[in-house]
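Note: the block below is model.cif and it holds mmCIF, C-alpha atoms.
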```cif
data_run
#
loop_
_atom_site.group_PDB
_atom_site.id
_atom_site.type_symbol
_atom_site.label_atom_id
_atom_site.label_comp_id
_atom_site.auth_asym_id
_atom_site.auth_seq_id
_atom_site.Cartn_x
_atom_site.Cartn_y
_atom_site.Cartn_z
ATOM 1 C CA MET Z 22 151.487 145.105 95.912
ATOM 2 C CA ILE Z 23 152.612 142.650 98.574
ATOM 3 C CA LYS Z 24 149.588 143.423 100.755
ATOM 4 C CA VAL Z 25 147.217 142.927 97.843
ATOM 5 C CA THR Z 26 148.850 139.619 96.984
ATOM 6 C CA SER Z 27 148.627 138.500 100.606
ATOM 7 C CA LYS Z 28 144.950 139.376 100.772
ATOM 8 C CA LEU Z 29 144.262 137.509 97.544
ATOM 9 C CA LYS Z 30 146.138 134.488 98.850
ATOM 10 C CA HIS Z 31 144.107 134.431 102.046
ATOM 11 C CA PHE Z 32 140.934 134.888 100.023
ATOM 12 C CA PHE Z 33 141.651 131.871 97.832
ATOM 13 C CA ILE Z 34 142.618 129.808 100.879
ATOM 14 C CA ALA Z 35 139.300 130.664 102.506
ATOM 15 C CA VAL Z 36 137.361 129.835 99.324
ATOM 16 C CA THR Z 37 139.223 126.530 98.966
ATOM 17 C CA ALA Z 38 138.434 125.636 102.584
ATOM 18 C CA LEU Z 39 134.749 126.334 102.012
ATOM 19 C CA LEU Z 40 134.717 124.189 98.881
ATOM 20 C CA LEU Z 41 136.440 121.323 100.674
ATOM 21 C CA ALA Z 42 133.970 121.591 103.550
ATOM 22 C CA ALA Z 43 131.090 121.486 101.089
ATOM 23 C CA CYS Z 44 132.538 118.405 99.404
ATOM 24 C CA ALA Z 45 132.913 116.740 102.814
ATOM 25 C CA ASN Z 46 129.158 116.855 103.372
ATOM 26 C CA THR Z 47 128.420 113.439 101.913
ATOM 27 C CA PRO Z 48 124.767 113.000 100.947
ATOM 28 C CA GLN Z 49 122.774 110.494 102.971
ATOM 29 C CA PRO Z 50 122.693 107.241 100.971
ATOM 30 C CA PRO Z 51 119.527 105.113 100.746
ATOM 31 C CA VAL Z 52 118.699 102.978 103.779
ATOM 32 C CA ALA Z 53 116.814 99.725 103.204
ATOM 33 C CA LEU Z 54 113.796 99.297 105.457
ATOM 34 C CA ASN Z 55 114.743 97.654 108.755
ATOM 35 C CA THR Z 56 111.988 95.053 108.877
ATOM 36 C CA ASN Z 57 113.559 93.383 111.929
ATOM 37 C CA LEU Z 58 112.798 96.417 114.064
ATOM 38 C CA LEU Z 59 109.239 96.563 112.750
ATOM 39 C CA ALA Z 60 108.716 92.922 113.732
ATOM 40 C CA ASN Z 61 108.127 94.053 117.331
ATOM 41 C CA PRO Z 62 104.313 93.828 117.725
ATOM 42 C CA ASP Z 63 104.296 96.471 120.472
ATOM 43 C CA LEU Z 64 106.026 99.076 118.311
ATOM 44 C CA LYS Z 65 103.976 102.219 117.683
ATOM 45 C CA LEU Z 66 104.415 104.114 114.418
ATOM 46 C CA GLY Z 67 103.379 107.663 113.646
ATOM 47 C CA MET Z 68 103.143 108.906 110.064
ATOM 48 C CA VAL Z 69 103.328 112.420 108.655
ATOM 49 C CA TYR Z 70 102.462 113.390 105.090
ATOM 50 C CA ARG Z 71 103.859 116.697 103.842
ATOM 51 C CA PRO Z 72 102.277 117.658 100.493
ATOM 52 C CA PRO Z 73 103.871 120.177 98.113
ATOM 53 C CA THR Z 74 103.490 123.825 99.079
ATOM 54 C CA SER Z 75 102.610 124.874 95.527
ATOM 55 C CA LYS Z 76 100.432 123.608 92.693
ATOM 56 C CA ALA Z 77 101.840 121.603 89.803
ATOM 57 C CA THR Z 78 104.140 123.813 87.755
ATOM 58 C CA THR Z 79 107.361 123.823 85.708
ATOM 59 C CA HIS Z 80 110.399 123.733 87.977
ATOM 60 C CA ILE Z 81 113.238 125.662 86.353
ATOM 61 C CA TYR Z 82 116.918 124.893 86.922
ATOM 62 C CA GLY Z 83 120.050 126.541 85.554
ATOM 63 C CA ALA Z 84 118.618 130.019 84.910
ATOM 64 C CA GLY Z 85 121.303 131.608 87.037
ATOM 65 C CA CYS Z 86 120.280 135.267 87.205
ATOM 66 C CA LEU Z 87 117.048 137.143 87.785
ATOM 67 C CA LEU Z 88 116.771 138.174 84.142
ATOM 68 C CA CYS Z 89 117.554 134.613 83.024
ATOM 69 C CA TYR Z 90 114.876 133.267 85.323
ATOM 70 C CA GLY Z 91 112.407 135.829 84.007
ATOM 71 C CA VAL Z 92 113.057 134.692 80.430
ATOM 72 C CA ALA Z 93 112.761 131.027 81.435
ATOM 73 C CA SER Z 94 109.498 131.704 83.278
ATOM 74 C CA ALA Z 95 108.080 133.424 80.220
ATOM 75 C CA LEU Z 96 108.980 130.402 78.067
ATOM 76 C CA THR Z 97 107.167 128.035 80.422
ATOM 77 C CA ALA Z 98 104.194 130.288 81.311
ATOM 78 C CA LYS Z 99 101.610 128.542 79.098
ATOM 79 C CA LEU Z 100 102.720 125.130 80.297
ATOM 80 C CA ASP Z 101 102.497 126.340 83.901
ATOM 81 C CA ASP Z 102 98.914 127.482 83.380
ATOM 82 C CA HIS Z 103 98.012 124.112 81.909
ATOM 83 C CA LEU Z 104 99.671 122.101 84.686
ATOM 84 C CA GLN Z 105 97.980 124.090 87.424
ATOM 85 C CA LYS Z 106 94.562 123.565 85.843
ATOM 86 C CA ALA Z 107 94.969 119.957 84.732
ATOM 87 C CA ILE Z 108 96.850 118.374 87.657
ATOM 88 C CA ASP Z 109 95.626 118.244 91.237
ATOM 89 C CA ASP Z 110 96.995 116.468 94.303
ATOM 90 C CA SER Z 111 94.884 113.328 93.946
ATOM 91 C CA GLU Z 112 97.716 111.131 92.633
ATOM 92 C CA LEU Z 113 100.003 112.360 95.391
ATOM 93 C CA SER Z 114 97.375 111.429 97.966
ATOM 94 C CA LYS Z 115 97.261 107.947 96.432
ATOM 95 C CA MET Z 116 101.035 107.717 96.885
ATOM 96 C CA ASN Z 117 100.594 108.612 100.529
ATOM 97 C CA ASP Z 118 97.886 105.968 100.939
ATOM 98 C CA LEU Z 119 100.217 103.453 99.314
ATOM 99 C CA VAL Z 120 103.027 104.232 101.766
ATOM 100 C CA LYS Z 121 100.725 103.822 104.774
ATOM 101 C CA ALA Z 122 99.259 100.583 103.397
ATOM 102 C CA LYS Z 123 102.713 99.096 102.808
ATOM 103 C CA TYR Z 124 103.901 100.023 106.295
ATOM 104 C CA SER Z 125 100.688 98.571 107.729
ATOM 105 C CA GLN Z 126 101.803 95.172 106.472
ATOM 106 C CA TYR Z 127 104.563 95.268 109.091
ATOM 107 C CA SER Z 128 102.696 96.969 111.920
ATOM 108 C CA LYS Z 129 99.026 97.505 112.677
ATOM 109 C CA ASN Z 130 100.016 100.162 115.226
ATOM 110 C CA ILE Z 131 100.408 102.969 112.696
ATOM 111 C CA GLU Z 132 98.445 106.198 112.605
ATOM 112 C CA TYR Z 133 98.794 109.734 111.347
ATOM 113 C CA VAL Z 134 100.220 112.191 113.853
ATOM 114 C CA THR Z 135 100.476 115.966 114.017
ATOM 115 C CA LEU Z 136 103.923 117.279 114.840
ATOM 116 C CA PRO Z 137 104.052 119.849 117.665
ATOM 117 C CA THR Z 138 106.492 121.947 115.627
ATOM 118 C CA SER Z 139 107.828 122.005 112.078
ATOM 119 C CA ILE Z 140 110.705 119.657 111.301
ATOM 120 C CA ASN Z 141 112.894 122.609 110.338
ATOM 121 C CA ARG Z 142 112.565 124.004 113.867
ATOM 122 C CA LEU Z 143 113.767 120.850 115.607
ATOM 123 C CA LYS Z 144 117.224 121.029 117.166
ATOM 124 C CA LYS Z 145 120.192 119.799 115.171
ATOM 125 C CA PHE Z 146 121.527 116.322 115.867
ATOM 126 C CA LYS Z 147 125.268 115.681 115.817
ATOM 127 C CA GLY Z 148 125.454 112.303 114.194
ATOM 128 C CA GLU Z 149 127.067 110.489 111.317
ATOM 129 C CA LEU Z 150 125.530 109.188 108.120
ATOM 130 C CA GLY Z 151 122.577 107.013 108.930
ATOM 131 C CA PHE Z 152 121.233 109.452 111.499
ATOM 132 C CA ALA Z 153 118.796 112.320 110.942
ATOM 133 C CA GLU Z 154 120.257 115.827 110.901
ATOM 134 C CA LYS Z 155 117.420 117.001 113.174
ATOM 135 C CA ASP Z 156 116.817 115.575 116.633
ATOM 136 C CA PHE Z 157 113.503 113.725 116.462
ATOM 137 C CA ARG Z 158 113.950 111.882 119.777
ATOM 138 C CA PRO Z 159 111.787 114.238 121.911
ATOM 139 C CA LEU Z 160 108.804 113.245 119.723
ATOM 140 C CA LYS Z 161 108.829 109.767 121.274
ATOM 141 C CA GLN Z 162 107.380 111.080 124.518
ATOM 142 C CA THR Z 163 105.402 113.954 122.996
ATOM 143 C CA LEU Z 164 103.552 111.765 120.471
ATOM 144 C CA GLY Z 165 103.740 108.424 122.276
ATOM 145 C CA ILE Z 166 105.325 106.622 119.322
ATOM 146 C CA ASP Z 167 108.509 104.638 118.693
ATOM 147 C CA VAL Z 168 109.045 105.269 114.972
ATOM 148 C CA LEU Z 169 108.201 108.325 112.890
ATOM 149 C CA VAL Z 170 107.521 107.853 109.166
ATOM 150 C CA VAL Z 171 107.701 110.983 107.020
ATOM 151 C CA PHE Z 172 106.538 111.093 103.410
ATOM 152 C CA GLU Z 173 107.036 114.409 101.648
ATOM 153 C CA ILE Z 174 106.582 115.582 98.061
ATOM 154 C CA TYR Z 175 108.666 118.661 97.249
ATOM 155 C CA ARG Z 176 107.792 119.233 93.611
ATOM 156 C CA HIS Z 177 105.445 117.901 90.962
ATOM 157 C CA GLY Z 178 104.523 118.858 87.433
ATOM 158 C CA ALA Z 179 107.413 119.394 85.047
ATOM 159 C CA TYR Z 180 111.170 119.949 85.137
ATOM 160 C CA ARG Z 181 113.110 122.020 82.615
ATOM 161 C CA SER Z 182 116.840 122.676 82.552
ATOM 162 C CA PHE Z 183 118.367 125.921 81.261
ATOM 163 C CA SER Z 184 121.816 127.324 80.600
ATOM 164 C CA ASN Z 185 121.102 130.889 81.673
ATOM 165 C CA TYR Z 186 118.652 132.103 78.968
ATOM 166 C CA PHE Z 187 118.676 128.965 76.852
ATOM 167 C CA PRO Z 188 116.756 125.715 77.463
ATOM 168 C CA ASN Z 189 118.848 122.536 77.500
ATOM 169 C CA GLY Z 190 115.947 120.379 76.426
ATOM 170 C CA ASP Z 191 112.218 119.792 76.610
ATOM 171 C CA PRO Z 192 110.170 119.963 79.832
ATOM 172 C CA GLN Z 193 109.976 116.554 81.498
ATOM 173 C CA GLY Z 194 107.288 115.027 83.692
ATOM 174 C CA HIS Z 195 108.575 115.408 87.219
ATOM 175 C CA VAL Z 196 107.945 114.255 90.792
ATOM 176 C CA ALA Z 197 110.431 114.807 93.635
ATOM 177 C CA GLY Z 198 110.246 114.048 97.332
ATOM 178 C CA ILE Z 199 111.489 111.851 100.147
ATOM 179 C CA LEU Z 200 110.375 108.980 102.346
ATOM 180 C CA TYR Z 201 112.132 108.183 105.608
ATOM 181 C CA ALA Z 202 111.504 106.531 108.957
ATOM 182 C CA ILE Z 203 113.351 107.262 112.198
ATOM 183 C CA ASP Z 204 113.870 105.169 115.315
ATOM 184 C CA LEU Z 205 112.984 107.708 118.004
ATOM 185 C CA ASN Z 206 115.171 105.912 120.548
ATOM 186 C CA THR Z 207 118.380 106.519 118.600
ATOM 187 C CA ASN Z 208 117.485 109.087 115.892
ATOM 188 C CA ALA Z 209 118.772 106.585 113.322
ATOM 189 C CA TYR Z 210 117.157 106.104 109.945
ATOM 190 C CA ILE Z 211 115.492 102.717 109.611
ATOM 191 C CA HIS Z 212 114.399 103.666 106.096
ATOM 192 C CA TYR Z 213 115.561 106.396 103.701
ATOM 193 C CA LYS Z 214 114.431 106.784 100.098
ATOM 194 C CA GLU Z 215 114.838 109.889 97.938
ATOM 195 C CA ILE Z 216 112.548 110.464 94.952
ATOM 196 C CA ASN Z 217 113.563 112.418 91.871
ATOM 197 C CA GLU Z 218 111.751 111.073 88.813
ATOM 198 C CA MET Z 219 111.906 112.749 85.400
ATOM 199 C CA ILE Z 220 110.287 111.394 82.230
ATOM 200 C CA GLN Z 221 111.022 112.662 78.732
ATOM 201 C CA PRO Z 222 107.835 113.393 76.725
ATOM 202 C CA ALA Z 223 107.268 111.401 73.554
ATOM 203 C CA GLY Z 224 107.046 113.541 70.437
ATOM 204 C CA GLU Z 225 106.565 117.331 70.417
ATOM 205 C CA TRP Z 226 106.174 118.577 73.975
ATOM 206 C CA ASP Z 227 104.453 121.874 73.027
ATOM 207 C CA GLU Z 228 101.705 120.324 70.937
ATOM 208 C CA PRO Z 229 98.623 122.558 71.335
ATOM 209 C CA LYS Z 230 96.592 123.083 73.253
ATOM 210 C CA ASP Z 231 96.788 120.846 76.271
ATOM 211 C CA PHE Z 232 100.432 119.708 76.132
ATOM 212 C CA PRO Z 233 99.383 116.036 75.979
ATOM 213 C CA SER Z 234 102.907 114.606 75.838
ATOM 214 C CA VAL Z 235 104.067 116.514 78.942
ATOM 215 C CA THR Z 236 100.886 115.570 80.787
ATOM 216 C CA THR Z 237 101.397 111.914 79.876
ATOM 217 C CA ALA Z 238 105.047 112.144 80.968
ATOM 218 C CA TYR Z 239 103.925 113.506 84.349
ATOM 219 C CA TYR Z 240 101.540 110.622 84.968
ATOM 220 C CA GLN Z 241 104.233 108.156 83.883
ATOM 221 C CA ALA Z 242 106.560 109.737 86.451
ATOM 222 C CA VAL Z 243 103.825 109.287 89.068
ATOM 223 C CA GLU Z 244 103.430 105.592 88.222
ATOM 224 C CA ASN Z 245 107.185 105.064 88.311
ATOM 225 C CA VAL Z 246 107.364 106.647 91.773
ATOM 226 C CA LYS Z 247 104.565 104.376 93.006
ATOM 227 C CA LYS Z 248 106.553 101.340 91.832
ATOM 228 C CA GLN Z 249 109.688 102.661 93.534
ATOM 229 C CA LEU Z 250 107.791 103.126 96.800
ATOM 230 C CA GLU Z 251 106.323 99.616 96.604
ATOM 231 C CA GLN Z 252 109.766 98.124 96.032
ATOM 232 C CA SER Z 253 111.315 100.218 98.791
ATOM 233 C CA ILE Z 254 108.888 99.292 101.578
#
```

What does the file become when written as structure tokens?
Amino acid sequence: MIKVTSKLKHFFIAVTALLLAACANTPQPPVALNTNLLANPDLKLGMVYRPPTSKATTHIYGAGCLLCYGVASALTAKLDDHLQKAIDDSELSKMNDLVKAKYSQYSKNIEYVTLPTSINRLKKFKGELGFAEKDFRPLKQTLGIDVLVVFEIYRHGAYRSFSNYFPNGDPQGHVAGILYAIDLNTNAYIHYKEINEMIQPAGEWDEPKDFPSVTTAYYQAVENVKKQLEQSI
């Protein structure tokens, strides 16, 4: 009995340590654009746009088991089919054009670049908040730029929350992504803006046959994100 108790004690200590470590990982807060750095006329900027890897769909959260997720997927299947057919990437491309145009107001030396490797494969950087977790500094010489601007959209379409099998509410119009810029001399963020917009549909969300309220909510989310980007840059 003593050995079992000792093992349980060590188990709970280990779990507690992991939880405390997880809590210690403070999320990166927003960073206002450092326009003073961009005032240098000789500064060269490279921009990367990373579009979503999948078509517009319903992004499900809270369905915590495989069976739960299967039930949730079945409940959103018709909406998924509609979103994939009705929504393309054109509005996301307009967002990307907007970001480049806004940055161009500060520097005419901005152009799209192709990274030599994926961001996930870059080495880790040991820095504090305000610095990128990956080491982007080698890209200064590789790409011949001073600042790297990254605009990425993770998800678009709809968002629906579940408690295991049961939906917590209606599907919402949804766009999620991130915009950041890095000083390649220091690996510090000179701009950091997370995007996670959700818009509640007006009226019945499952109105046949084209889910007009969810579609409208999606495009409202898109417009809201555009305004956020304009205000951020």

(request) Quick one: apply the PyMOL selection byres ((chain Z and resi 160-171) around 6) to the file and drop the selected residues here as a PyMOL selection string. (result) chain Z and resi 65-69+157-159+172+200-205

Can you turn the PyMOL selection byres ((chain Z and resi 189) around 12) into a concrete residue list for this file, as a PDB file with C-alpha atoms, in the frame of the given file?
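Resulting contents of out_34.pdb:
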```pdb
ATOM      1  CA  ILE Z  81     113.238 125.662  86.353  1.00  0.00           C
ATOM      2  CA  TYR Z  82     116.918 124.893  86.922  1.00  0.00           C
ATOM      3  CA  GLY Z  83     120.050 126.541  85.554  1.00  0.00           C
ATOM      4  CA  ALA Z  84     118.618 130.019  84.910  1.00  0.00           C
ATOM      5  CA  ALA Z  93     112.761 131.027  81.435  1.00  0.00           C
ATOM      6  CA  TYR Z 180     111.170 119.949  85.137  1.00  0.00           C
ATOM      7  CA  ARG Z 181     113.110 122.020  82.615  1.00  0.00           C
ATOM      8  CA  SER Z 182     116.840 122.676  82.552  1.00  0.00           C
ATOM      9  CA  PHE Z 183     118.367 125.921  81.261  1.00  0.00           C
ATOM     10  CA  SER Z 184     121.816 127.324  80.600  1.00  0.00           C
ATOM     11  CA  ASN Z 185     121.102 130.889  81.673  1.00  0.00           C
ATOM     12  CA  TYR Z 186     118.652 132.103  78.968  1.00  0.00           C
ATOM     13  CA  PHE Z 187     118.676 128.965  76.852  1.00  0.00           C
ATOM     14  CA  PRO Z 188     116.756 125.715  77.463  1.00  0.00           C
ATOM     15  CA  GLY Z 190     115.947 120.379  76.426  1.00  0.00           C
ATOM     16  CA  ASP Z 191     112.218 119.792  76.610  1.00  0.00           C
ATOM     17  CA  PRO Z 192     110.170 119.963  79.832  1.00  0.00           C
ATOM     18  CA  GLN Z 193     109.976 116.554  81.498  1.00  0.00           C
TER      19      GLN Z 193
END
```

Between range 55-161 of chain Z and range 214-235 of chain Z, at 9 Å or less, what are the per-residue closest atom pairs and their distances in Å? Count all atoms listed in the file, order by chain and rising residue number, and return it as CSV.
```
residue,atom,partner,partner_atom,distance
Z:Leu100,CA,Z:Phe232,CA,7.2
Z:His103,CA,Z:Asp231,CA,6.6
Z:Leu104,CA,Z:Phe232,CA,8.9
Z:Ala107,CA,Z:Asp231,CA,8.7
```

(request) Go ahead and compute the interatomic distance for CA of Glu149 in chain Z and CA of Ile211 in chain Z, in Å to one decimal. (result) 14.0 Å

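Between CA of Asn208 in chain Z and CA of Leu250 in chain Z there is a distance of 22.2 Å.
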
(message) For Glu251 in chain Z, find every residue with an atom within 8 Å (counting all atoms listed in the file), except residues of its own chain fewer than 5 positions away, and show them as a count of residues only.
(response) 3

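All polymer residues at most 6 Å from (120.6, 119.2, 115.4), using all atoms listed in the file, appear as Lys144, Lys145, Phe146, Lys147, Glu154, Lys155 and Asp156 of chain Z.
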
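Nearest residue to Pro62 in chain Z among Z:Lys129, Z:Arg142, Z:Arg176, Z:His195 is Z:Lys129, counting all atoms listed in the file.
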
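Distances here use only C-alpha atoms; by that measure, the residue among Z:Ile140, Z:Ile199, Z:Ile108, Z:Ala242 closest to Ser75 in chain Z is Z:Ile108.
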
Please define a box with edges along x, y and z of the file around all atoms of range 152-162 of chain Z given in the file, extend it by 5 Å on each side, and return its centre and edge lengths in Å to one decimal, as lines of an AutoDock Vina configuration file.
```
center_x = 114.3
center_y = 113.2
center_z = 117.7
size_x = 23.9
size_y = 17.5
size_z = 23.6
```

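Reported to one decimal place, the separation of CA of Thr138 in chain Z from CA of Thr56 in chain Z is 28.3 Å.
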
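Among the candidates Z:Thr97, Z:Gln126, Z:Asn245, Z:Gln252, the residue lying nearest to Val196 in chain Z is Z:Asn245 (atoms considered: only C-alpha atoms).
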
(request) Considering only C-alpha atoms, state which residue in the set Z:Met116, Z:Tyr133, Z:Tyr210, Z:Ala122 is at the smallest distance from Val246 in chain Z. (result) Z:Met116

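When only C-alpha atoms are used to measure the gap to Gly148 in chain Z, the shortest distance among Z:Ala238, Z:Leu59, Z:Ala209, Z:Val52 belongs to Z:Ala209.
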
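Distance check against Tyr213 in chain Z using all atoms listed in the file: of Z:Pro72, Z:Gly194, Z:Gly151, Z:Pro137, the minimum falls on Z:Gly151.
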